[in-house]
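To keep things clear, I will list the structure first and then write my remarks on it.
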Amino acid sequence: MQRKKGNPKKEITRWFHFLLCFSMLVLGTTTTQAQTAVRSYPKKTDETAPLRVAKRWISQHQDQLVYQASSFRWQEPTTDIAGQIHLTAQQYYGEIPVFDGFVRFHFGADGNIQRVQEHLLPLTDIPTEPLLSADQLLGRALAALRECYPWLDPQKWQLRSTELVVLHPQIIRAQAARQGFLAYAQHWEHHSGSAGTLYWDSQTGKLLAYLQNHCELFRHQLYEGRSFRPIWNNSQEIPADFDQWKRWQISATQQTYNLFYSAFGRNSYDGQGASYRSRANAELSNCPNARWTGTEAQFCPGVSSDDVVAHEWGHAYTQYTSELTYAWQSGAINEAYSDIWGEVVDLLNTEGNDQGEELVRTACDDDGLRWKIAEDATVINGPIRDLWAPNCHADPASIDDPYYDCDPDESDAGGVHSNSGLVNRTFARLVDGDGSQAGLGLTKAAHLFWHAQAHYLSRTSDFRTLAAALKAAYTDLQGLDLPQLRLSDTLRQASGERLQYADSLWLAQVLLQAGLERELTHCPNYAPLLSQNAPAICLDGYAEHIIFSEDFEQGWPGWQATAEARFPAQWQTRHWMLADFLPAGKSGQALFAPVPNNGPRDPNQCGLLRIESPTIYLPPGLASPFQLRFRHYIALEPGDGGRLSYRR
């Protein structure tokens, strides 16, 4: 959950190796967006055991699969409400899993293959063994975490696990897979609840990607503040002194569980009856806010309205189904799913301010609260998003919308909170229609979205894949008497609602309106600005004579660091410093100047960090020209810059 979107200034780090600049901003190039291939296979087979059928299919189509060097490991099959089985073969490179590489089989109720999804990734030119050990990367990891979370105590990070994976960083940005890396995946957790995974090139030590694991049964335990002892569990009566926010946490959590169990047959977010653990009056660094940490839902004071609570639990269900990566298009889908489930709970219950929730929306200021998120969370001046009309909050309603957030400084993980508007609008219009066309209603739309989430989406699914998944969900569920959406209990009852042909036409129409199947064309390519190879040294016929050289291996005596602030009273003191964690696995030392990450662009932190060398004495009578050479790595965002100057 994010209180509001913004463009916080990305933390830019500058390195100096004889006036050397560097920024830990991972750049890539934009190519065709990734799309999961979906094939239809209506032919029947005599075999009925799904695993045997799937193995035979892979054997028969081995020469047609994109990457024949793959091996596969089979996950446990799942069964949907129509009795159809879904079986996934995880792609492996020898004994190493490939990040989001898979072949997924969708069987009809009769046990025959209906559809196959292929999302296999290239395995060419990938090393088989790491050059660096995982322990060698610990110092760099802690430095990277300090940059990402400068407000957290760096001593309280814990490395939970490390594994080798094959990672194609481009697919996280919904781009075509190009180069793959043998990468270490380090899973870190902080005492405060923040968590994330760092992916490192095992050959060079370059940071390839950072993915946060938090989003900024029935058994339910409620904690408060920083306490590790629960103040309530669902075997107890609710204490009379509990305020409305705690009561909403309790009731909305129960309602979320009931919804997913009664409608979709899902026993808790992990499907195995996991206990719900939530925290009231959480002392987060960015209060007022709320988040799912991967193990616990946390709510600042005055935030835990019914839709916000269900929103955070929505992240838990996503984590244990599609595992949508919280970045770029997959992150926008992730955030939208939480908005959707939060609003479904809000529309079905009678808690909080439900003014006009039974009325179809017509405009931003129509006084109706239907499709508005966090309207009861008064401490954050909700509502903060509008599913029916995203433009009302400067969020995009389609892929071509001027409000689409390209997020060039990656301040919102690729625009996940704003660009969720495309998916939010798709759901709201699918339910209500658009005035000229009747919608499907809440039951049908919810079943379509859940079926896509649970059985078709994966870690790096983009908007196109979501559109294909919703169409596949319609095919799977058409004609089935869909279970009711119930909050009061877990009893499964038929709704009498069935997906019909006309529903598929309206689904196609809303997908077209949102542009989920169209190419994103108006965002810039995230490509290196400068040549990646140093130019040849040009002596122009002169002999080379080195007058001065500095590599900072013995410190930096004689160098002077100064800072100039536009607003000295608000300036966070910082200077150039000596550091030994260099980019791309380089060894040695360099000069480094940190810049704080203060959220939305903070004019109070505008200023200049300067580093000046000691006097360099030139030989008398020097007739030939002199050259100044330095190694650097630089990445800029609008408003940033640097200058190299000298005087004689």
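Ligands are numbered from 1 in the order shown, residues from 1 within each chain, and chains are lettered A, B, ... in the order they appear in the structure tokens.
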
Please identify every residue of region 452-494 of chain A that has at least one atom no farther than 9 Å from an atom of region 172-178 of chain A, counting only C-alpha atoms, and for each give the shortest atom pair and the distance in Å to one decimal, arranged by chain then increasing number, as a Markdown table.
```
| residue | atom | partner | partner_atom | distance |
| --- | --- | --- | --- | --- |
| A:Arg459 | CA | A:Ile172 | CA | 8.2 |
| A:Thr460 | CA | A:Ile172 | CA | 5.6 |
| A:Ser461 | CA | A:Ala174 | CA | 7.5 |
| A:Asp462 | CA | A:Ala174 | CA | 5.8 |
| A:Phe463 | CA | A:Ala174 | CA | 8.7 |
```

Where in region 156-389 of chain A does DSSP assign strand (DSSP E), given as a PDB file with C-alpha atoms, in the first residue's frame?
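selection08.pdb, written as the output of this step:
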```pdb
ATOM      1  CA  TRP A 157      19.718  -6.936   8.478  1.00  0.00           C
ATOM      2  CA  GLN A 158      19.767 -10.742   8.423  1.00  0.00           C
ATOM      3  CA  LEU A 159      20.591 -12.964   5.460  1.00  0.00           C
ATOM      4  CA  ARG A 160      17.925 -15.669   5.465  1.00  0.00           C
ATOM      5  CA  SER A 161      19.108 -17.747   2.513  1.00  0.00           C
ATOM      6  CA  THR A 162      21.222 -17.728  -0.652  1.00  0.00           C
ATOM      7  CA  GLU A 163      20.696 -19.757  -3.790  1.00  0.00           C
ATOM      8  CA  LEU A 164      22.007 -19.901  -7.338  1.00  0.00           C
ATOM      9  CA  VAL A 165      19.516 -19.059 -10.083  1.00  0.00           C
ATOM     10  CA  VAL A 166      19.628 -18.211 -13.760  1.00  0.00           C
ATOM     11  CA  LEU A 167      18.270 -14.663 -14.078  1.00  0.00           C
ATOM     12  CA  PHE A 181      23.306 -14.622 -15.752  1.00  0.00           C
ATOM     13  CA  LEU A 182      24.288 -17.271 -13.253  1.00  0.00           C
ATOM     14  CA  ALA A 183      23.243 -15.253 -10.230  1.00  0.00           C
ATOM     15  CA  TYR A 184      23.232 -15.457  -6.466  1.00  0.00           C
ATOM     16  CA  ALA A 185      19.807 -14.688  -5.000  1.00  0.00           C
ATOM     17  CA  GLN A 186      20.275 -13.351  -1.469  1.00  0.00           C
ATOM     18  CA  HIS A 187      17.084 -13.149   0.606  1.00  0.00           C
ATOM     19  CA  TRP A 188      17.418 -10.461   3.296  1.00  0.00           C
ATOM     20  CA  GLU A 189      15.105  -9.496   6.143  1.00  0.00           C
ATOM     21  CA  HIS A 190      15.315  -6.553   8.508  1.00  0.00           C
ATOM     22  CA  ALA A 195      12.583  -7.617   3.187  1.00  0.00           C
ATOM     23  CA  GLY A 196      14.022  -8.051  -0.282  1.00  0.00           C
ATOM     24  CA  THR A 197      16.142 -10.161  -2.592  1.00  0.00           C
ATOM     25  CA  LEU A 198      19.431  -9.034  -4.133  1.00  0.00           C
ATOM     26  CA  TYR A 199      20.538 -10.735  -7.351  1.00  0.00           C
ATOM     27  CA  TRP A 200      24.297 -10.689  -8.032  1.00  0.00           C
ATOM     28  CA  ASP A 201      26.252 -11.805 -11.075  1.00  0.00           C
ATOM     29  CA  LEU A 207      24.206  -6.115  -8.795  1.00  0.00           C
ATOM     30  CA  LEU A 208      21.679  -7.297 -11.402  1.00  0.00           C
ATOM     31  CA  ALA A 209      18.417  -6.539  -9.627  1.00  0.00           C
ATOM     32  CA  TYR A 210      16.870  -5.768  -6.274  1.00  0.00           C
ATOM     33  CA  LEU A 211      13.300  -6.923  -5.687  1.00  0.00           C
ATOM     34  CA  GLN A 212      11.521  -5.940  -2.500  1.00  0.00           C
ATOM     35  CA  HIS A 220      -5.475 -14.741  13.310  1.00  0.00           C
ATOM     36  CA  GLN A 221      -3.075 -13.194  15.797  1.00  0.00           C
ATOM     37  CA  LEU A 222      -3.041  -9.447  16.379  1.00  0.00           C
ATOM     38  CA  TYR A 223       0.100  -7.675  17.607  1.00  0.00           C
ATOM     39  CA  GLU A 224       0.656  -4.046  18.493  1.00  0.00           C
ATOM     40  CA  TRP A 232      -5.552 -10.940  20.697  1.00  0.00           C
ATOM     41  CA  ASN A 233      -6.262 -14.127  18.768  1.00  0.00           C
ATOM     42  CA  TYR A 276      -2.910 -14.639   9.673  1.00  0.00           C
ATOM     43  CA  ARG A 277      -0.579 -12.380  11.605  1.00  0.00           C
ATOM     44  CA  SER A 278      -1.246  -8.636  11.647  1.00  0.00           C
ATOM     45  CA  ARG A 279       0.093  -5.676  13.599  1.00  0.00           C
ATOM     46  CA  ALA A 280      -1.838  -2.621  14.784  1.00  0.00           C
ATOM     47  CA  ALA A 290       0.503  -0.146   5.558  1.00  0.00           C
ATOM     48  CA  ARG A 291       2.424  -3.110   4.167  1.00  0.00           C
ATOM     49  CA  TRP A 292       2.665  -6.864   3.800  1.00  0.00           C
ATOM     50  CA  ALA A 297       0.423  -7.358   7.614  1.00  0.00           C
ATOM     51  CA  GLN A 298       1.370  -4.100   9.349  1.00  0.00           C
ATOM     52  CA  PHE A 299      -0.761  -0.982   9.723  1.00  0.00           C
ATOM     53  CA  LYS A 372     -12.505   4.257  -4.300  1.00  0.00           C
ATOM     54  CA  ILE A 373      -9.627   2.961  -2.187  1.00  0.00           C
ATOM     55  CA  ARG A 385      -6.984   5.711  -5.910  1.00  0.00           C
ATOM     56  CA  ASP A 386     -10.075   5.316  -8.071  1.00  0.00           C
TER      57      ASP A 386
END
```

Give the answer as one residue: which of A:Asp354, A:Asp376, A:Glu129, A:Asp80 has the shortest atom-to-atom distance to Val308 (chain A), using only C-alpha atoms?
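Selected residue with least distance to Val308 (chain A): A:Asp376.
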
d(CA of Gln62 (chain A), CA of Thr124 (chain A)) in Å
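Taking CA of Gln62 (chain A) as the start and CA of Thr124 (chain A) as the end point, the length is 17.0 Å.
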
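The smallest atom-to-atom distance between Ala467 (chain A) and any of A:Leu87, A:Ala134, A:Ala508, A:Leu485, using only C-alpha atoms, is found for A:Ala508.
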
Contacts of Ala263 (chain A) within 12 Å, only C-alpha atoms, excl. fewer than 6 positions in-chain, as a PyMOL selection string
chain A and resi 80-82+255-257+442-444+446-448+450-451+481-495

Residue list (alpha helix (DSSP H), DSSP) for region 86-152 of chain A, as an MDAnalysis selection string:
chainID A and resid 138:148

Residues within 10 Å of Leu324 (chain A), only C-alpha atoms, excluding chain neighbours under 2 positions, as a short mmCIF file (atom, residue, chain, number, x, y, z; two decimals) with N, CA and C atoms, in the first residue's frame:
```
data_model
loop_
_atom_site.label_atom_id
_atom_site.label_comp_id
_atom_site.auth_asym_id
_atom_site.auth_seq_id
_atom_site.Cartn_x
_atom_site.Cartn_y
_atom_site.Cartn_z
N ASP A 100 11.51 -17.68 -13.31
CA ASP A 100 10.27 -17.56 -14.08
C ASP A 100 10.33 -18.28 -15.42
N ILE A 172 12.07 -8.67 -16.00
CA ILE A 172 11.44 -7.98 -14.89
C ILE A 172 10.81 -6.68 -15.37
N HIS A 315 -1.84 -8.95 -1.18
CA HIS A 315 -0.43 -9.18 -1.51
C HIS A 315 0.01 -10.58 -1.04
N THR A 318 -1.20 -13.07 -3.56
CA THR A 318 -0.37 -12.99 -4.77
C THR A 318 0.96 -13.67 -4.55
N GLN A 319 1.57 -13.46 -3.38
CA GLN A 319 2.87 -14.08 -3.08
C GLN A 319 2.81 -15.59 -3.20
N TYR A 320 1.70 -16.19 -2.82
CA TYR A 320 1.61 -17.65 -2.79
C TYR A 320 0.89 -18.23 -4.01
N THR A 321 0.57 -17.40 -5.00
CA THR A 321 -0.03 -17.92 -6.24
C THR A 321 0.87 -17.55 -7.41
N SER A 322 0.65 -16.40 -8.00
CA SER A 322 1.41 -16.00 -9.19
C SER A 322 2.81 -15.51 -8.86
N TYR A 326 7.35 -7.41 -7.76
CA TYR A 326 6.85 -6.09 -7.39
C TYR A 326 7.66 -5.01 -8.09
N ALA A 327 7.57 -4.98 -9.42
CA ALA A 327 8.28 -3.98 -10.22
C ALA A 327 7.70 -3.95 -11.62
N GLN A 329 5.59 -3.71 -15.02
CA GLN A 329 4.22 -4.11 -15.33
C GLN A 329 3.73 -5.22 -14.41
N SER A 330 4.57 -6.18 -14.09
CA SER A 330 4.14 -7.24 -13.17
C SER A 330 3.83 -6.66 -11.80
N GLY A 331 4.59 -5.64 -11.38
CA GLY A 331 4.31 -4.98 -10.11
C GLY A 331 3.02 -4.18 -10.14
N ALA A 332 2.71 -3.56 -11.28
CA ALA A 332 1.43 -2.85 -11.41
C ALA A 332 0.26 -3.82 -11.33
N ILE A 333 0.42 -5.00 -11.94
CA ILE A 333 -0.63 -6.03 -11.83
C ILE A 333 -0.76 -6.49 -10.39
N ASN A 334 0.37 -6.69 -9.72
CA ASN A 334 0.38 -7.08 -8.31
C ASN A 334 -0.40 -6.07 -7.47
N GLU A 335 -0.08 -4.80 -7.64
CA GLU A 335 -0.74 -3.75 -6.85
C GLU A 335 -2.23 -3.67 -7.18
N GLN A 453 -5.14 -15.25 -11.90
CA GLN A 453 -4.08 -15.10 -10.91
C GLN A 453 -3.57 -16.45 -10.42
N LEU A 457 -0.91 -16.59 -14.34
CA LEU A 457 0.12 -15.56 -14.21
C LEU A 457 1.36 -16.13 -13.53
N SER A 458 2.48 -15.46 -13.76
CA SER A 458 3.76 -15.87 -13.16
C SER A 458 4.53 -14.63 -12.74
N ARG A 459 5.75 -14.82 -12.30
CA ARG A 459 6.52 -13.73 -11.69
C ARG A 459 6.64 -12.49 -12.56
N THR A 460 6.88 -12.66 -13.84
CA THR A 460 7.14 -11.51 -14.71
C THR A 460 6.03 -11.31 -15.73
N SER A 461 4.83 -11.76 -15.44
CA SER A 461 3.72 -11.54 -16.36
C SER A 461 3.50 -10.04 -16.58
N ASP A 462 3.30 -9.66 -17.85
CA ASP A 462 3.05 -8.27 -18.19
C ASP A 462 1.59 -8.09 -18.55
#
```

Can you list, as a ChimeraX atom specification, every protein, DNA or RNA residue that comes within 8 Å of Cys606 (chain A) when you count only C-alpha atoms, leaving out same-chain residues fewer than 5 positions away?
/A:565-567

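Minimum distance to Phe242 (chain A) across A:Asn281, A:Gln136, A:Ser613, A:Gln589 (counting only C-alpha atoms) occurs at A:Asn281.
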
What's around Trp371 (chain A) at 8 Å? Count only C-alpha atoms, leave out sequence neighbours fewer than 4 positions away in its own chain, and write the answer as a list in words.
Glu343, Glu357, Asp386, Leu387, Trp388 and Ala428 of chain A

Would you put the residues from that selection into a file with N, CA and C atoms, as a short mmCIF file (atom, residue, chain, number, x, y, z; two decimals), in the first residue's frame?
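Full text of out26.cif as output:
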```cif
data_model
loop_
_atom_site.label_atom_id
_atom_site.label_comp_id
_atom_site.auth_asym_id
_atom_site.auth_seq_id
_atom_site.Cartn_x
_atom_site.Cartn_y
_atom_site.Cartn_z
N GLU A 343 -11.29 -3.73 -2.67
CA GLU A 343 -12.57 -3.11 -3.00
C GLU A 343 -13.70 -4.14 -3.04
N GLU A 357 -22.18 3.41 -2.58
CA GLU A 357 -21.46 2.27 -3.12
C GLU A 357 -22.33 1.36 -3.97
N ASP A 386 -8.72 5.49 -7.56
CA ASP A 386 -10.07 5.32 -8.07
C ASP A 386 -10.02 4.25 -9.16
N LEU A 387 -10.60 3.08 -8.89
CA LEU A 387 -10.56 2.00 -9.86
C LEU A 387 -11.40 2.31 -11.09
N TRP A 388 -12.54 2.95 -10.91
CA TRP A 388 -13.44 3.21 -12.03
C TRP A 388 -12.89 4.31 -12.95
N ALA A 428 -13.08 -2.73 -12.88
CA ALA A 428 -14.28 -1.94 -12.54
C ALA A 428 -15.24 -1.87 -13.73
#
```

Have a look at A:Gly588, A:Gly83, A:Gly558, A:Gly265 and name the one nearest to Ile616 (chain A); count only C-alpha atoms.
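Closest to Ile616 (chain A), using only C-alpha atoms: A:Gly558.
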
Name the closest residue to Ala468 (chain A) among the candidates A:Ala452, A:Ala316, A:Ala389, A:Cys287; distances are taken between atoms, counting only C-alpha atoms.
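Closest to Ala468 (chain A) of all the choices is A:Ala452.
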
Neighbour list for region 417-420 of chain A as a short mmCIF file (atom, residue, chain, number, x, y, z; two decimals) with N, CA and C atoms, in the first residue's frame, cut-off 7 Å, only C-alpha atoms, skip fewer than 3 positions in-chain:
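Listing of part_36.cif after writing:
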```
data_model
loop_
_atom_site.label_atom_id
_atom_site.label_comp_id
_atom_site.auth_asym_id
_atom_site.auth_seq_id
_atom_site.Cartn_x
_atom_site.Cartn_y
_atom_site.Cartn_z
N LYS A 5 1.43 8.52 -4.78
CA LYS A 5 2.56 8.33 -5.68
C LYS A 5 3.40 9.58 -5.69
N ALA A 332 2.71 -3.56 -11.28
CA ALA A 332 1.43 -2.85 -11.41
C ALA A 332 0.26 -3.82 -11.33
N ILE A 333 0.42 -5.00 -11.94
CA ILE A 333 -0.63 -6.03 -11.83
C ILE A 333 -0.76 -6.49 -10.39
N GLU A 335 -0.08 -4.80 -7.64
CA GLU A 335 -0.74 -3.75 -6.85
C GLU A 335 -2.23 -3.67 -7.18
N ALA A 336 -2.56 -3.82 -8.48
CA ALA A 336 -3.96 -3.76 -8.88
C ALA A 336 -4.77 -4.90 -8.25
N ASP A 395 -3.77 8.85 -12.40
CA ASP A 395 -3.27 7.53 -12.76
C ASP A 395 -3.80 7.16 -14.14
N PRO A 396 -3.09 6.33 -14.89
CA PRO A 396 -3.50 6.04 -16.26
C PRO A 396 -4.67 5.06 -16.33
N TYR A 404 0.43 7.63 -17.89
CA TYR A 404 1.22 6.42 -17.69
C TYR A 404 2.60 6.81 -17.16
N ASP A 405 3.00 6.18 -16.08
CA ASP A 405 4.22 6.56 -15.36
C ASP A 405 5.39 5.72 -15.86
N VAL A 423 -5.20 -1.85 -14.89
CA VAL A 423 -5.84 -3.10 -14.48
C VAL A 423 -7.05 -2.82 -13.60
N ASN A 424 -6.92 -1.82 -12.72
CA ASN A 424 -8.05 -1.45 -11.87
C ASN A 424 -9.27 -1.05 -12.71
#
```
